[in-house]
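structure-v1.csv follows (CSV, C-alpha atoms):
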chain,number,residue,atom,x,y,z
E,123,LYS,CA,-53.6,-59.9,19.1
E,124,GLN,CA,-50.4,-59.1,17.2
E,125,GLU,CA,-47.3,-58.8,19.3
E,126,VAL,CA,-44.0,-57.4,18.0
E,127,THR,CA,-40.7,-58.1,19.8
E,128,GLN,CA,-37.3,-56.5,19.2
E,129,ILE,CA,-34.1,-58.1,20.4
E,130,PRO,CA,-31.8,-56.9,21.7
E,131,ALA,CA,-33.3,-53.9,23.6
E,132,ALA,CA,-29.9,-52.2,23.6
E,133,LEU,CA,-26.7,-52.6,21.6
E,134,SER,CA,-23.4,-50.9,21.8
E,135,VAL,CA,-20.8,-51.4,19.0
E,136,PRO,CA,-17.6,-49.8,17.8
E,137,GLU,CA,-17.6,-47.7,14.7
E,138,GLY,CA,-17.2,-49.6,11.5
E,139,GLU,CA,-18.9,-52.8,12.7
E,140,ASN,CA,-21.7,-54.4,10.7
E,141,LEU,CA,-24.7,-55.2,12.8
E,142,VAL,CA,-28.1,-56.9,12.7
E,143,LEU,CA,-31.2,-55.8,14.6
E,144,ASN,CA,-34.0,-58.3,15.0
E,145,CYS,CA,-37.8,-58.0,14.9
E,146,SER,CA,-40.3,-60.8,15.4
E,147,PHE,CA,-44.1,-60.8,15.2
E,148,THR,CA,-46.7,-63.4,16.3
E,149,ASP,CA,-49.2,-63.2,13.5
E,150,SER,CA,-47.8,-63.8,10.0
E,151,ALA,CA,-50.9,-62.4,8.3
E,152,ILE,CA,-49.3,-58.9,7.7
E,153,TYR,CA,-49.7,-56.5,4.9
E,154,ASN,CA,-46.2,-54.9,5.2
E,155,LEU,CA,-43.5,-54.2,7.7
E,156,GLN,CA,-41.7,-50.9,8.3
E,157,TRP,CA,-38.4,-49.9,10.0
E,158,PHE,CA,-38.1,-46.5,11.7
E,159,ARG,CA,-35.4,-44.6,13.4
E,160,GLN,CA,-36.1,-42.3,16.4
E,161,ASP,CA,-33.5,-39.9,17.8
E,162,PRO,CA,-33.9,-38.7,21.4
E,163,GLY,CA,-36.7,-36.2,21.8
E,164,LYS,CA,-37.7,-36.5,18.1
E,165,GLY,CA,-40.3,-38.1,16.0
E,166,LEU,CA,-39.9,-41.2,13.9
E,167,THR,CA,-38.1,-41.3,10.6
E,168,SER,CA,-39.1,-43.9,8.1
E,169,LEU,CA,-36.2,-46.1,6.9
E,170,LEU,CA,-37.5,-48.9,4.9
E,171,LEU,CA,-40.9,-50.5,4.1
E,172,ILE,CA,-41.2,-54.1,3.0
E,173,GLN,CA,-44.4,-55.3,1.4
E,174,SER,CA,-45.5,-58.9,2.4
E,175,SER,CA,-44.7,-60.1,-1.1
E,176,GLN,CA,-41.1,-58.9,-0.9
E,177,ARG,CA,-38.1,-60.5,0.8
E,178,GLU,CA,-35.9,-57.5,1.3
E,179,GLN,CA,-35.4,-53.8,0.7
E,180,THR,CA,-32.2,-51.8,0.6
E,181,SER,CA,-31.4,-48.2,1.1
E,182,GLY,CA,-27.7,-47.1,1.2
E,183,ARG,CA,-26.0,-49.0,4.1
E,184,LEU,CA,-29.3,-50.4,5.3
E,185,ASN,CA,-30.9,-53.7,4.3
E,186,ALA,CA,-34.1,-55.1,5.7
E,187,SER,CA,-35.3,-58.6,5.2
E,188,LEU,CA,-38.6,-60.2,5.8
E,189,ASP,CA,-39.6,-63.8,6.4
E,190,LYS,CA,-43.3,-63.6,6.8
E,191,SER,CA,-43.9,-67.4,7.4
E,192,SER,CA,-41.5,-67.4,10.3
E,193,GLY,CA,-42.6,-64.0,11.6
E,194,ARG,CA,-39.2,-62.4,11.4
E,195,SER,CA,-37.5,-59.4,10.0
E,196,THR,CA,-33.9,-58.2,10.3
E,197,LEU,CA,-32.3,-54.8,9.8
E,198,TYR,CA,-28.7,-55.0,8.7
E,199,ILE,CA,-26.6,-51.9,9.1
E,200,ALA,CA,-23.2,-52.0,7.3
E,201,ALA,CA,-20.1,-50.1,8.4
E,202,SER,CA,-21.8,-48.4,11.3
E,203,GLN,CA,-21.1,-44.8,12.2
E,204,PRO,CA,-21.6,-42.7,15.3
E,205,GLY,CA,-24.4,-40.9,13.5
E,206,ASP,CA,-26.3,-44.2,13.4
E,207,SER,CA,-26.8,-44.0,17.1
E,208,ALA,CA,-30.6,-43.9,17.7
E,209,THR,CA,-33.5,-46.2,18.6
E,210,TYR,CA,-34.7,-48.4,15.8
E,211,LEU,CA,-38.3,-49.5,15.7
E,212,CYS,CA,-40.1,-52.0,13.6
E,213,ALA,CA,-43.8,-52.0,13.0
E,214,VAL,CA,-46.1,-54.4,11.3
E,215,ASN,CA,-49.2,-53.4,9.3
E,216,GLU,CA,-52.0,-56.0,9.6
E,217,GLU,CA,-54.7,-54.0,7.8
E,218,GLY,CA,-54.2,-52.2,4.5
E,219,ARG,CA,-57.5,-50.9,3.3
E,220,GLU,CA,-59.2,-47.7,2.2
E,221,THR,CA,-61.2,-47.2,5.4
E,222,SER,CA,-58.4,-47.7,7.9
E,223,GLY,CA,-55.1,-46.7,6.3
E,224,SER,CA,-52.0,-48.6,7.6
E,225,ARG,CA,-52.6,-49.4,11.2
E,226,LEU,CA,-49.3,-50.3,12.7
E,227,THR,CA,-48.3,-52.4,15.7
E,228,PHE,CA,-44.9,-51.4,17.0
E,229,GLY,CA,-42.1,-53.1,18.8
E,230,GLU,CA,-40.4,-51.3,21.7
E,231,GLY,CA,-37.2,-50.7,19.8
E,232,THR,CA,-33.5,-51.4,19.9
E,233,GLN,CA,-31.4,-48.6,21.3
E,234,LEU,CA,-28.2,-48.5,19.3
E,235,THR,CA,-25.0,-46.8,20.3
E,236,VAL,CA,-22.1,-46.6,17.9
E,237,ASN,CA,-18.9,-45.6,19.6
E,238,PRO,CA,-16.2,-43.7,17.8
M,294,ASP,CA,-39.7,-33.5,6.2
M,295,ALA,CA,-43.3,-34.5,5.4
M,296,GLY,CA,-44.7,-31.1,6.3
M,297,ILE,CA,-46.2,-32.1,9.7
M,298,THR,CA,-46.4,-29.8,12.7
M,299,GLN,CA,-47.8,-30.5,16.1
M,300,SER,CA,-48.9,-27.9,18.6
M,301,PRO,CA,-48.2,-27.3,21.4
M,302,ARG,CA,-44.9,-29.1,21.6
M,303,HIS,CA,-45.0,-29.2,25.4
M,304,LYS,CA,-47.9,-28.8,27.8
M,305,VAL,CA,-48.4,-29.2,31.5
M,306,THR,CA,-51.9,-29.3,32.8
M,307,GLU,CA,-53.9,-30.4,35.8
M,308,THR,CA,-56.1,-33.5,36.2
M,309,GLY,CA,-59.7,-32.9,35.1
M,310,THR,CA,-58.9,-30.1,32.6
M,311,PRO,CA,-59.7,-30.5,28.9
M,312,VAL,CA,-56.7,-30.5,26.5
M,313,THR,CA,-56.6,-30.3,22.7
M,314,LEU,CA,-53.6,-31.2,20.6
M,315,ARG,CA,-53.4,-30.2,17.0
M,316,CYS,CA,-51.7,-31.9,14.1
M,317,HIS,CA,-51.3,-29.9,10.9
M,318,GLN,CA,-50.1,-31.1,7.5
M,319,THR,CA,-49.3,-29.3,4.3
M,320,GLU,CA,-49.1,-32.3,2.0
M,321,ASN,CA,-52.8,-33.1,1.5
M,322,HIS,CA,-52.4,-36.7,2.8
M,323,ARG,CA,-55.6,-38.6,3.2
M,324,TYR,CA,-54.8,-40.6,6.3
M,325,MET,CA,-53.9,-39.2,9.7
M,326,TYR,CA,-53.1,-40.9,12.9
M,327,TRP,CA,-52.6,-40.2,16.6
M,328,TYR,CA,-50.2,-42.4,18.7
M,329,ARG,CA,-49.0,-42.2,22.2
M,330,GLN,CA,-45.5,-43.4,23.2
M,331,ASP,CA,-44.8,-44.7,26.7
M,332,PRO,CA,-41.9,-46.6,28.3
M,333,GLY,CA,-42.7,-50.3,28.3
M,334,HIS,CA,-45.5,-50.0,25.8
M,335,GLY,CA,-43.9,-48.5,22.7
M,336,LEU,CA,-46.2,-46.6,20.3
M,337,ARG,CA,-49.9,-47.3,20.4
M,338,LEU,CA,-52.6,-46.1,18.1
M,339,ILE,CA,-55.2,-43.9,19.7
M,340,HIS,CA,-57.4,-42.8,16.8
M,341,TYR,CA,-57.1,-42.4,13.0
M,342,SER,CA,-58.8,-40.7,10.2
M,343,TYR,CA,-59.3,-41.9,6.6
M,344,GLY,CA,-60.8,-38.6,5.3
M,345,VAL,CA,-62.5,-35.4,6.3
M,346,LYS,CA,-65.1,-36.3,9.0
M,347,ASP,CA,-64.1,-40.0,8.8
M,348,THR,CA,-62.5,-41.2,12.0
M,349,ASP,CA,-62.2,-44.4,13.9
M,350,LYS,CA,-60.8,-45.8,17.1
M,351,GLY,CA,-57.5,-47.4,17.6
M,352,GLU,CA,-56.1,-49.6,20.4
M,353,VAL,CA,-56.2,-47.1,23.3
M,354,SER,CA,-59.0,-44.7,22.5
M,355,ASP,CA,-60.7,-44.6,25.9
M,356,GLY,CA,-60.6,-41.0,27.2
M,357,TYR,CA,-59.8,-39.5,23.8
M,358,SER,CA,-61.8,-38.0,21.0
M,359,VAL,CA,-60.8,-36.7,17.6
M,360,SER,CA,-62.1,-34.4,14.9
M,361,ARG,CA,-61.1,-33.7,11.3
M,362,SER,CA,-63.1,-30.9,9.7
M,363,LYS,CA,-60.6,-30.2,7.0
M,364,THR,CA,-57.9,-32.3,5.3
M,365,GLU,CA,-54.9,-30.5,6.9
M,366,ASP,CA,-55.9,-30.6,10.5
M,367,PHE,CA,-56.5,-33.5,12.9
M,368,LEU,CA,-57.3,-32.6,16.5
M,369,LEU,CA,-57.0,-34.9,19.5
M,370,THR,CA,-59.0,-34.0,22.6
M,371,LEU,CA,-58.7,-35.2,26.2
M,372,GLU,CA,-62.1,-34.3,27.6
M,373,SER,CA,-60.9,-34.6,31.2
M,374,ALA,CA,-57.2,-35.2,31.5
M,375,THR,CA,-55.9,-37.9,33.9
M,376,SER,CA,-52.4,-38.6,35.1
M,377,SER,CA,-52.4,-41.9,33.1
M,378,GLN,CA,-52.5,-39.7,29.9
M,379,THR,CA,-49.1,-38.2,30.6
M,380,SER,CA,-47.2,-39.3,27.5
M,381,VAL,CA,-45.6,-38.2,24.3
M,382,TYR,CA,-48.2,-37.9,21.5
M,383,PHE,CA,-47.3,-38.3,17.9
M,384,CYS,CA,-49.2,-37.5,14.8
M,385,ALA,CA,-48.6,-39.4,11.6
M,386,ILE,CA,-49.8,-39.2,8.0
M,387,SER,CA,-49.8,-41.3,4.9
M,388,THR,CA,-51.1,-40.9,1.4
M,389,ARG,CA,-52.3,-44.4,0.6
M,390,TYR,CA,-53.0,-47.3,2.9
M,391,THR,CA,-50.1,-49.1,1.2
M,392,ASP,CA,-47.6,-46.3,2.1
M,393,THR,CA,-45.3,-45.7,4.9
M,394,GLN,CA,-46.3,-43.3,7.6
M,395,TYR,CA,-44.6,-40.0,8.3
M,396,PHE,CA,-44.4,-38.7,11.8
M,397,GLY,CA,-44.6,-35.3,13.4
M,398,PRO,CA,-42.1,-34.1,16.1
M,399,GLY,CA,-44.4,-35.0,19.0
M,400,THR,CA,-46.1,-33.3,21.9
M,401,ARG,CA,-45.0,-34.0,25.4
M,402,LEU,CA,-48.0,-33.8,27.7
M,403,THR,CA,-47.7,-33.9,31.5
M,404,VAL,CA,-50.9,-34.2,33.6
M,405,LEU,CA,-50.3,-33.3,37.3
Rewritten as C-alpha coordinates:
Amino acid sequence: KQEVTQIPAALSVPEGENLVLNCSFTDSAIYNLQWFRQDPGKGLTSLLLIQSSQREQTSGRLNASLDKSSGRSTLYIAASQPGDSATYLCAVNEEGRETSGSRLTFGEGTQLTVNP
Amino acid sequence: DAGITQSPRHKVTETGTPVTLRCHQTENHRYMYWYRQDPGHGLRLIHYSYGVKDTDKGEVSDGYSVSRSKTEDFLLTLESATSSQTSVYFCAISTRYTDTQYFGPGTRLTVL
(Lines of atoms letter the chains of each structure in order from A and count residues from 1; the text may use other names and numbers.)
(Lines give C-alpha, C1' and ligand atoms only; values in the text may rest on other atoms or scores of the structure.)
Protein backbone atom coordinates (compact mmCIF):
# COMPACT_ATOMS: atom_id res chain seq x y z
CA LYS A 1 0.00 0.00 0.00
CA GLN A 2 1.34 3.41 -0.98
CA GLU A 3 2.32 5.67 1.89
CA VAL A 4 3.11 9.35 1.52
CA THR A 5 5.08 11.22 4.17
CA GLN A 6 5.68 14.95 4.43
CA ILE A 7 8.46 16.45 6.49
CA PRO A 8 8.44 18.71 8.39
CA ALA A 9 4.88 18.69 9.73
CA ALA A 10 5.18 22.39 10.50
CA LEU A 11 7.58 25.12 9.49
CA SER A 12 7.89 28.76 10.52
CA VAL A 13 10.15 31.13 8.57
CA PRO A 14 10.72 34.88 8.28
CA GLU A 15 9.45 36.68 5.22
CA GLY A 16 11.81 36.62 2.25
CA GLU A 17 13.39 33.28 3.04
CA ASN A 18 13.67 30.52 0.43
CA LEU A 19 12.35 27.20 1.69
CA VAL A 20 11.94 23.56 0.74
CA LEU A 21 9.10 21.21 1.63
CA ASN A 22 9.67 17.49 1.35
CA CYS A 23 7.45 14.63 0.25
CA SER A 24 8.39 10.95 0.12
CA PHE A 25 6.42 7.95 -1.12
CA THR A 26 7.01 4.24 -0.67
CA ASP A 27 6.03 2.87 -4.09
CA SER A 28 7.86 4.44 -7.01
CA ALA A 29 5.38 3.11 -9.58
CA ILE A 30 3.44 6.36 -9.75
CA TYR A 31 1.69 8.01 -12.65
CA ASN A 32 2.10 11.59 -11.47
CA LEU A 33 2.52 13.69 -8.32
CA GLN A 34 0.62 16.81 -7.38
CA TRP A 35 1.21 19.60 -4.88
CA PHE A 36 -1.75 21.39 -3.33
CA ARG A 37 -2.24 24.31 -1.00
CA GLN A 38 -4.97 24.39 1.65
CA ASP A 39 -5.94 27.48 3.58
CA PRO A 40 -7.73 27.07 6.95
CA GLY A 41 -11.35 26.06 6.48
CA LYS A 42 -10.99 25.94 2.71
CA GLY A 43 -10.68 23.39 -0.03
CA LEU A 44 -7.48 22.42 -1.81
CA THR A 45 -5.94 24.52 -4.54
CA SER A 46 -3.78 22.78 -7.13
CA LEU A 47 -0.27 24.25 -7.38
CA LEU A 48 1.75 21.95 -9.60
CA LEU A 49 1.43 18.58 -11.27
CA ILE A 50 4.48 16.55 -12.31
CA GLN A 51 4.08 13.59 -14.63
CA SER A 52 6.27 10.57 -13.86
CA SER A 53 8.37 11.27 -16.96
CA GLN A 54 9.17 14.80 -15.80
CA ARG A 55 11.85 15.98 -13.40
CA GLU A 56 10.39 19.33 -12.39
CA GLN A 57 7.66 21.90 -12.89
CA THR A 58 7.72 25.63 -12.22
CA SER A 59 5.00 28.16 -11.57
CA GLY A 60 6.05 31.64 -10.52
CA ARG A 61 7.97 31.39 -7.25
CA LEU A 62 7.22 27.68 -6.93
CA ASN A 63 9.35 24.86 -8.24
CA ALA A 64 8.54 21.21 -7.71
CA SER A 65 10.97 18.39 -8.43
CA LEU A 66 10.41 14.67 -8.70
CA ASP A 67 12.86 11.80 -8.26
CA LYS A 68 10.66 8.81 -8.89
CA SER A 69 13.36 6.19 -8.38
CA SER A 70 14.12 7.40 -4.88
CA GLY A 71 10.49 8.14 -4.03
CA ARG A 72 10.97 11.83 -3.34
CA SER A 73 9.57 15.18 -4.33
CA THR A 74 10.39 18.66 -3.12
CA LEU A 75 8.49 21.93 -3.33
CA TYR A 76 10.75 24.96 -3.40
CA ILE A 77 9.24 28.34 -2.53
CA ALA A 78 11.37 31.35 -3.36
CA ALA A 79 11.25 34.66 -1.50
CA SER A 80 8.45 33.56 0.82
CA GLN A 81 5.65 35.97 1.71
CA PRO A 82 3.09 36.03 4.56
CA GLY A 83 0.43 35.18 1.97
CA ASP A 84 2.19 31.85 1.43
CA SER A 85 1.11 30.75 4.91
CA ALA A 86 -1.01 27.64 4.46
CA THR A 87 -0.82 23.86 4.60
CA TYR A 88 0.92 22.26 1.63
CA LEU A 89 -0.08 18.76 0.60
CA CYS A 90 1.49 16.37 -1.83
CA ALA A 91 -0.43 13.53 -3.45
CA VAL A 92 0.68 10.66 -5.66
CA ASN A 93 -1.42 9.11 -8.37
CA GLU A 94 -0.80 5.40 -8.84
CA GLU A 95 -3.54 4.75 -11.33
CA GLY A 96 -4.19 6.76 -14.43
CA ARG A 97 -6.79 5.08 -16.56
CA GLU A 98 -10.18 5.75 -18.08
CA THR A 99 -12.15 3.71 -15.55
CA SER A 100 -10.68 5.19 -12.42
CA GLY A 101 -9.53 8.71 -13.07
CA SER A 102 -6.63 9.91 -10.99
CA ARG A 103 -6.85 8.17 -7.61
CA LEU A 104 -4.66 10.10 -5.22
CA THR A 105 -2.87 9.11 -2.02
CA PHE A 106 -2.18 12.17 0.12
CA GLY A 107 0.42 13.06 2.67
CA GLU A 108 -0.72 14.80 5.84
CA GLY A 109 0.81 18.08 4.83
CA THR A 110 3.30 20.68 6.01
CA GLN A 111 1.82 23.66 7.82
CA LEU A 112 3.82 26.71 6.73
CA THR A 113 3.85 30.04 8.57
CA VAL A 114 5.69 32.98 7.03
CA ASN A 115 6.22 35.75 9.55
CA PRO A 116 6.33 39.41 8.45
CA ASP B 1 -12.48 28.44 -9.39
CA ALA B 2 -13.41 25.17 -11.12
CA GLY B 3 -17.15 25.71 -10.72
CA ILE B 4 -17.67 23.23 -7.90
CA THR B 5 -20.20 23.73 -5.14
CA GLN B 6 -20.98 21.52 -2.20
CA SER B 7 -24.14 21.51 -0.13
CA PRO B 8 -24.74 21.78 2.68
CA ARG B 9 -21.54 23.46 3.86
CA HIS B 10 -22.20 22.55 7.48
CA LYS B 11 -24.43 19.90 8.99
CA VAL B 12 -25.02 18.52 12.45
CA THR B 13 -26.99 15.30 12.69
CA GLU B 14 -27.64 12.46 15.08
CA THR B 15 -26.34 8.93 15.03
CA GLY B 16 -28.51 6.63 12.94
CA THR B 17 -29.98 9.26 10.64
CA PRO B 18 -29.43 9.23 6.88
CA VAL B 19 -27.42 12.08 5.39
CA THR B 20 -26.88 13.09 1.77
CA LEU B 21 -24.17 15.46 0.63
CA ARG B 22 -24.29 16.99 -2.81
CA CYS B 23 -21.49 17.98 -5.16
CA HIS B 24 -22.41 20.08 -8.18
CA GLN B 25 -20.12 21.09 -11.04
CA THR B 26 -20.70 23.44 -13.93
CA GLU B 27 -17.70 22.44 -16.05
CA ASN B 28 -18.88 19.09 -17.49
CA HIS B 29 -15.89 17.19 -16.07
CA ARG B 30 -16.03 13.44 -16.49
CA TYR B 31 -14.46 12.36 -13.20
CA MET B 32 -15.78 13.17 -9.74
CA TYR B 33 -14.48 12.11 -6.35
CA TRP B 34 -15.48 12.17 -2.70
CA TYR B 35 -12.80 12.44 0.02
CA ARG B 36 -12.88 12.81 3.75
CA GLN B 37 -10.24 14.70 5.70
CA ASP B 38 -9.41 13.80 9.29
CA PRO B 39 -6.55 14.79 11.60
CA GLY B 40 -3.90 12.08 11.58
CA HIS B 41 -5.20 10.53 8.37
CA GLY B 42 -5.09 13.29 5.80
CA LEU B 43 -7.42 13.03 2.84
CA ARG B 44 -8.77 9.62 1.94
CA LEU B 45 -10.81 8.62 -1.09
CA ILE B 46 -14.33 7.36 -0.34
CA HIS B 47 -15.87 6.82 -3.79
CA TYR B 48 -15.32 8.07 -7.28
CA SER B 49 -17.19 8.28 -10.57
CA TYR B 50 -15.83 7.99 -14.11
CA GLY B 51 -19.08 8.82 -15.85
CA VAL B 52 -22.85 8.97 -15.43
CA LYS B 53 -23.95 5.87 -13.51
CA ASP B 54 -20.31 4.66 -13.38
CA THR B 55 -18.99 4.63 -9.82
CA ASP B 56 -16.53 2.63 -7.78
CA LYS B 57 -15.19 2.31 -4.25
CA GLY B 58 -12.20 4.07 -2.81
CA GLU B 59 -10.08 3.39 0.25
CA VAL B 60 -12.72 4.06 2.94
CA SER B 61 -16.07 3.26 1.32
CA ASP B 62 -17.72 1.27 4.15
CA GLY B 63 -20.87 3.02 5.36
CA TYR B 64 -21.11 5.24 2.28
CA SER B 65 -22.91 5.01 -1.04
CA VAL B 66 -22.90 7.30 -4.06
CA SER B 67 -24.99 8.07 -7.08
CA ARG B 68 -24.44 10.00 -10.27
CA SER B 69 -27.53 10.25 -12.45
CA LYS B 70 -26.26 13.25 -14.44
CA THR B 71 -22.86 14.66 -15.27
CA GLU B 72 -23.05 17.66 -12.99
CA ASP B 73 -24.15 16.03 -9.73
CA PHE B 74 -22.44 13.46 -7.50
CA LEU B 75 -24.23 12.53 -4.30
CA LEU B 76 -22.69 10.95 -1.22
CA THR B 77 -25.06 9.19 1.16
CA LEU B 78 -24.46 8.00 4.68
CA GLU B 79 -27.26 5.47 5.12
CA SER B 80 -27.05 5.52 8.92
CA ALA B 81 -24.60 8.09 10.22
CA THR B 82 -22.15 7.16 12.96
CA SER B 83 -19.89 9.34 15.10
CA SER B 84 -16.85 7.97 13.24
CA GLN B 85 -18.18 9.69 10.12
CA THR B 86 -17.75 13.11 11.68
CA SER B 87 -15.33 14.71 9.25
CA VAL B 88 -14.82 17.30 6.55
CA TYR B 89 -15.94 15.99 3.18
CA PHE B 90 -14.47 17.26 -0.07
CA CYS B 91 -15.65 16.74 -3.60
CA ALA B 92 -13.17 16.94 -6.48
CA ILE B 93 -13.36 16.81 -10.25
CA SER B 94 -11.02 16.22 -13.16
CA THR B 95 -11.44 16.22 -16.91
CA ARG B 96 -9.02 13.48 -17.85
CA TYR B 97 -7.35 10.83 -15.78
CA THR B 98 -4.05 12.55 -16.52
CA ASP B 99 -5.24 15.86 -15.16
CA THR B 100 -5.02 17.51 -11.80
CA GLN B 101 -8.04 17.41 -9.53
CA TYR B 102 -9.98 20.53 -8.54
CA PHE B 103 -11.57 20.60 -5.13
CA GLY B 104 -14.78 22.03 -3.77
CA PRO B 105 -15.00 24.11 -0.57
CA GLY B 106 -15.91 21.16 1.66
CA THR B 107 -18.76 20.13 3.94
CA ARG B 108 -18.21 19.92 7.67
CA LEU B 109 -20.35 17.09 9.06
CA THR B 110 -20.80 16.46 12.76
CA VAL B 111 -22.57 13.30 13.91
CA LEU B 112 -23.64 13.45 17.56
Next item on the list: Using all atoms listed in the file, find which residues of chain E lie within 12 Å of chain M and jot them down as a PyMOL selection string.
Entry: chain E and resi 123-128+131+152-174+209-232
Note to self: For a quick check of your reading of the model, name the residues lying within 7 Å of the coordinate (-48.3, -65.5, 9.9), counting all atoms listed in the file, and write them as a list in words.
What the structure shows: Thr148, Asp149, Ser150, Ala151, Lys190, Ser191 and Gly193 of chain E
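The residue set within 8 Å of Ser362 (chain M), counting only C-alpha atoms and dropping same-chain residues fewer than 4 places from it, reads Val345, Lys346, Asp366 and Phe367 of chain M.
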Check: So how many Å separate CA of Cys145 (chain E) and CA of Leu188 (chain E), to one decimal?
Finding: 9.4 Å
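Across E:Ala208, E:Tyr198, E:Ala186, E:Val236, the tightest approach to Glu137 (chain E) is made by E:Val236 when counting only C-alpha atoms.
Using all atoms listed in the file for every distance, the candidate list M:Arg329, M:Leu368, M:His317, M:Ser376 yields M:Arg329 as the residue closest to Ser354 (chain M).
The interatomic distance for the pair CA of Asp206 (chain E) and CA of Ser146 (chain E) works out to 21.8 Å.
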I'd like the neighbourhood of Thr375 (chain M) as an mmCIF file with C-alpha atoms, in the frame of the given file, where a residue qualifies if any of its atoms comes within 7 Å (using all atoms listed in the file), though same-chain residues fewer than 6 positions away should be ignored.
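As a result, part.cif now contains:
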data_model
loop_
_atom_site.group_PDB
_atom_site.id
_atom_site.type_symbol
_atom_site.label_atom_id
_atom_site.label_comp_id
_atom_site.auth_asym_id
_atom_site.auth_seq_id
_atom_site.Cartn_x
_atom_site.Cartn_y
_atom_site.Cartn_z
ATOM 1 C CA THR M 308 -56.100 -33.500 36.200
ATOM 2 C CA GLY M 309 -59.700 -32.900 35.100
ATOM 3 C CA VAL M 404 -50.900 -34.200 33.600
#
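Considering the residues M:Leu402, M:Thr379, M:Arg315, M:Ile339 and counting all atoms listed in the file, Arg361 (chain M) has its shortest atom-to-atom contact with M:Arg315.
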Next item on the list: Would you mind reading off the distance between CA of Thr319 (chain M) and CA of Ser360 (chain M), one decimal, in Å?
Entry: 17.4 Å
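Distance annotation: of M:Ser300, M:Thr364, M:Ser377, M:Ser358, the residue with the minimal separation from Asn321 (chain M) is M:Thr364; atom set is all atoms listed in the file.
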Check: Between M:Arg302, M:Thr310, M:His322, M:Ile297, which is the closest to Leu405 (chain M) once you count all atoms listed in the file?
Finding: M:Thr310
Next item on the list: Find the residues near Leu141 (chain E): any atom within 12 Å, counting only C-alpha atoms, skip ones fewer than 3 places away on the same chain, and give them as a PyMOL selection string.
Entry: chain E and resi 130+133-138+144+183-186+196-203+206+232+234-236
Any chance you could export the current selection's C-alpha atoms as a PDB file, keeping the file's coordinate frame?
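Wrote it out as part.pdb, contents follow:
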ATOM      1  CA  PRO E 130     -31.800 -56.900  21.700  1.00  0.00           C
ATOM      2  CA  LEU E 133     -26.700 -52.600  21.600  1.00  0.00           C
ATOM      3  CA  SER E 134     -23.400 -50.900  21.800  1.00  0.00           C
ATOM      4  CA  VAL E 135     -20.800 -51.400  19.000  1.00  0.00           C
ATOM      5  CA  PRO E 136     -17.600 -49.800  17.800  1.00  0.00           C
ATOM      6  CA  GLU E 137     -17.600 -47.700  14.700  1.00  0.00           C
ATOM      7  CA  GLY E 138     -17.200 -49.600  11.500  1.00  0.00           C
ATOM      8  CA  ASN E 144     -34.000 -58.300  15.000  1.00  0.00           C
ATOM      9  CA  ARG E 183     -26.000 -49.000   4.100  1.00  0.00           C
ATOM     10  CA  LEU E 184     -29.300 -50.400   5.300  1.00  0.00           C
ATOM     11  CA  ASN E 185     -30.900 -53.700   4.300  1.00  0.00           C
ATOM     12  CA  ALA E 186     -34.100 -55.100   5.700  1.00  0.00           C
ATOM     13  CA  THR E 196     -33.900 -58.200  10.300  1.00  0.00           C
ATOM     14  CA  LEU E 197     -32.300 -54.800   9.800  1.00  0.00           C
ATOM     15  CA  TYR E 198     -28.700 -55.000   8.700  1.00  0.00           C
ATOM     16  CA  ILE E 199     -26.600 -51.900   9.100  1.00  0.00           C
ATOM     17  CA  ALA E 200     -23.200 -52.000   7.300  1.00  0.00           C
ATOM     18  CA  ALA E 201     -20.100 -50.100   8.400  1.00  0.00           C
ATOM     19  CA  SER E 202     -21.800 -48.400  11.300  1.00  0.00           C
ATOM     20  CA  GLN E 203     -21.100 -44.800  12.200  1.00  0.00           C
ATOM     21  CA  ASP E 206     -26.300 -44.200  13.400  1.00  0.00           C
ATOM     22  CA  THR E 232     -33.500 -51.400  19.900  1.00  0.00           C
ATOM     23  CA  LEU E 234     -28.200 -48.500  19.300  1.00  0.00           C
ATOM     24  CA  THR E 235     -25.000 -46.800  20.300  1.00  0.00           C
ATOM     25  CA  VAL E 236     -22.100 -46.600  17.900  1.00  0.00           C
TER      26      VAL E 236
END
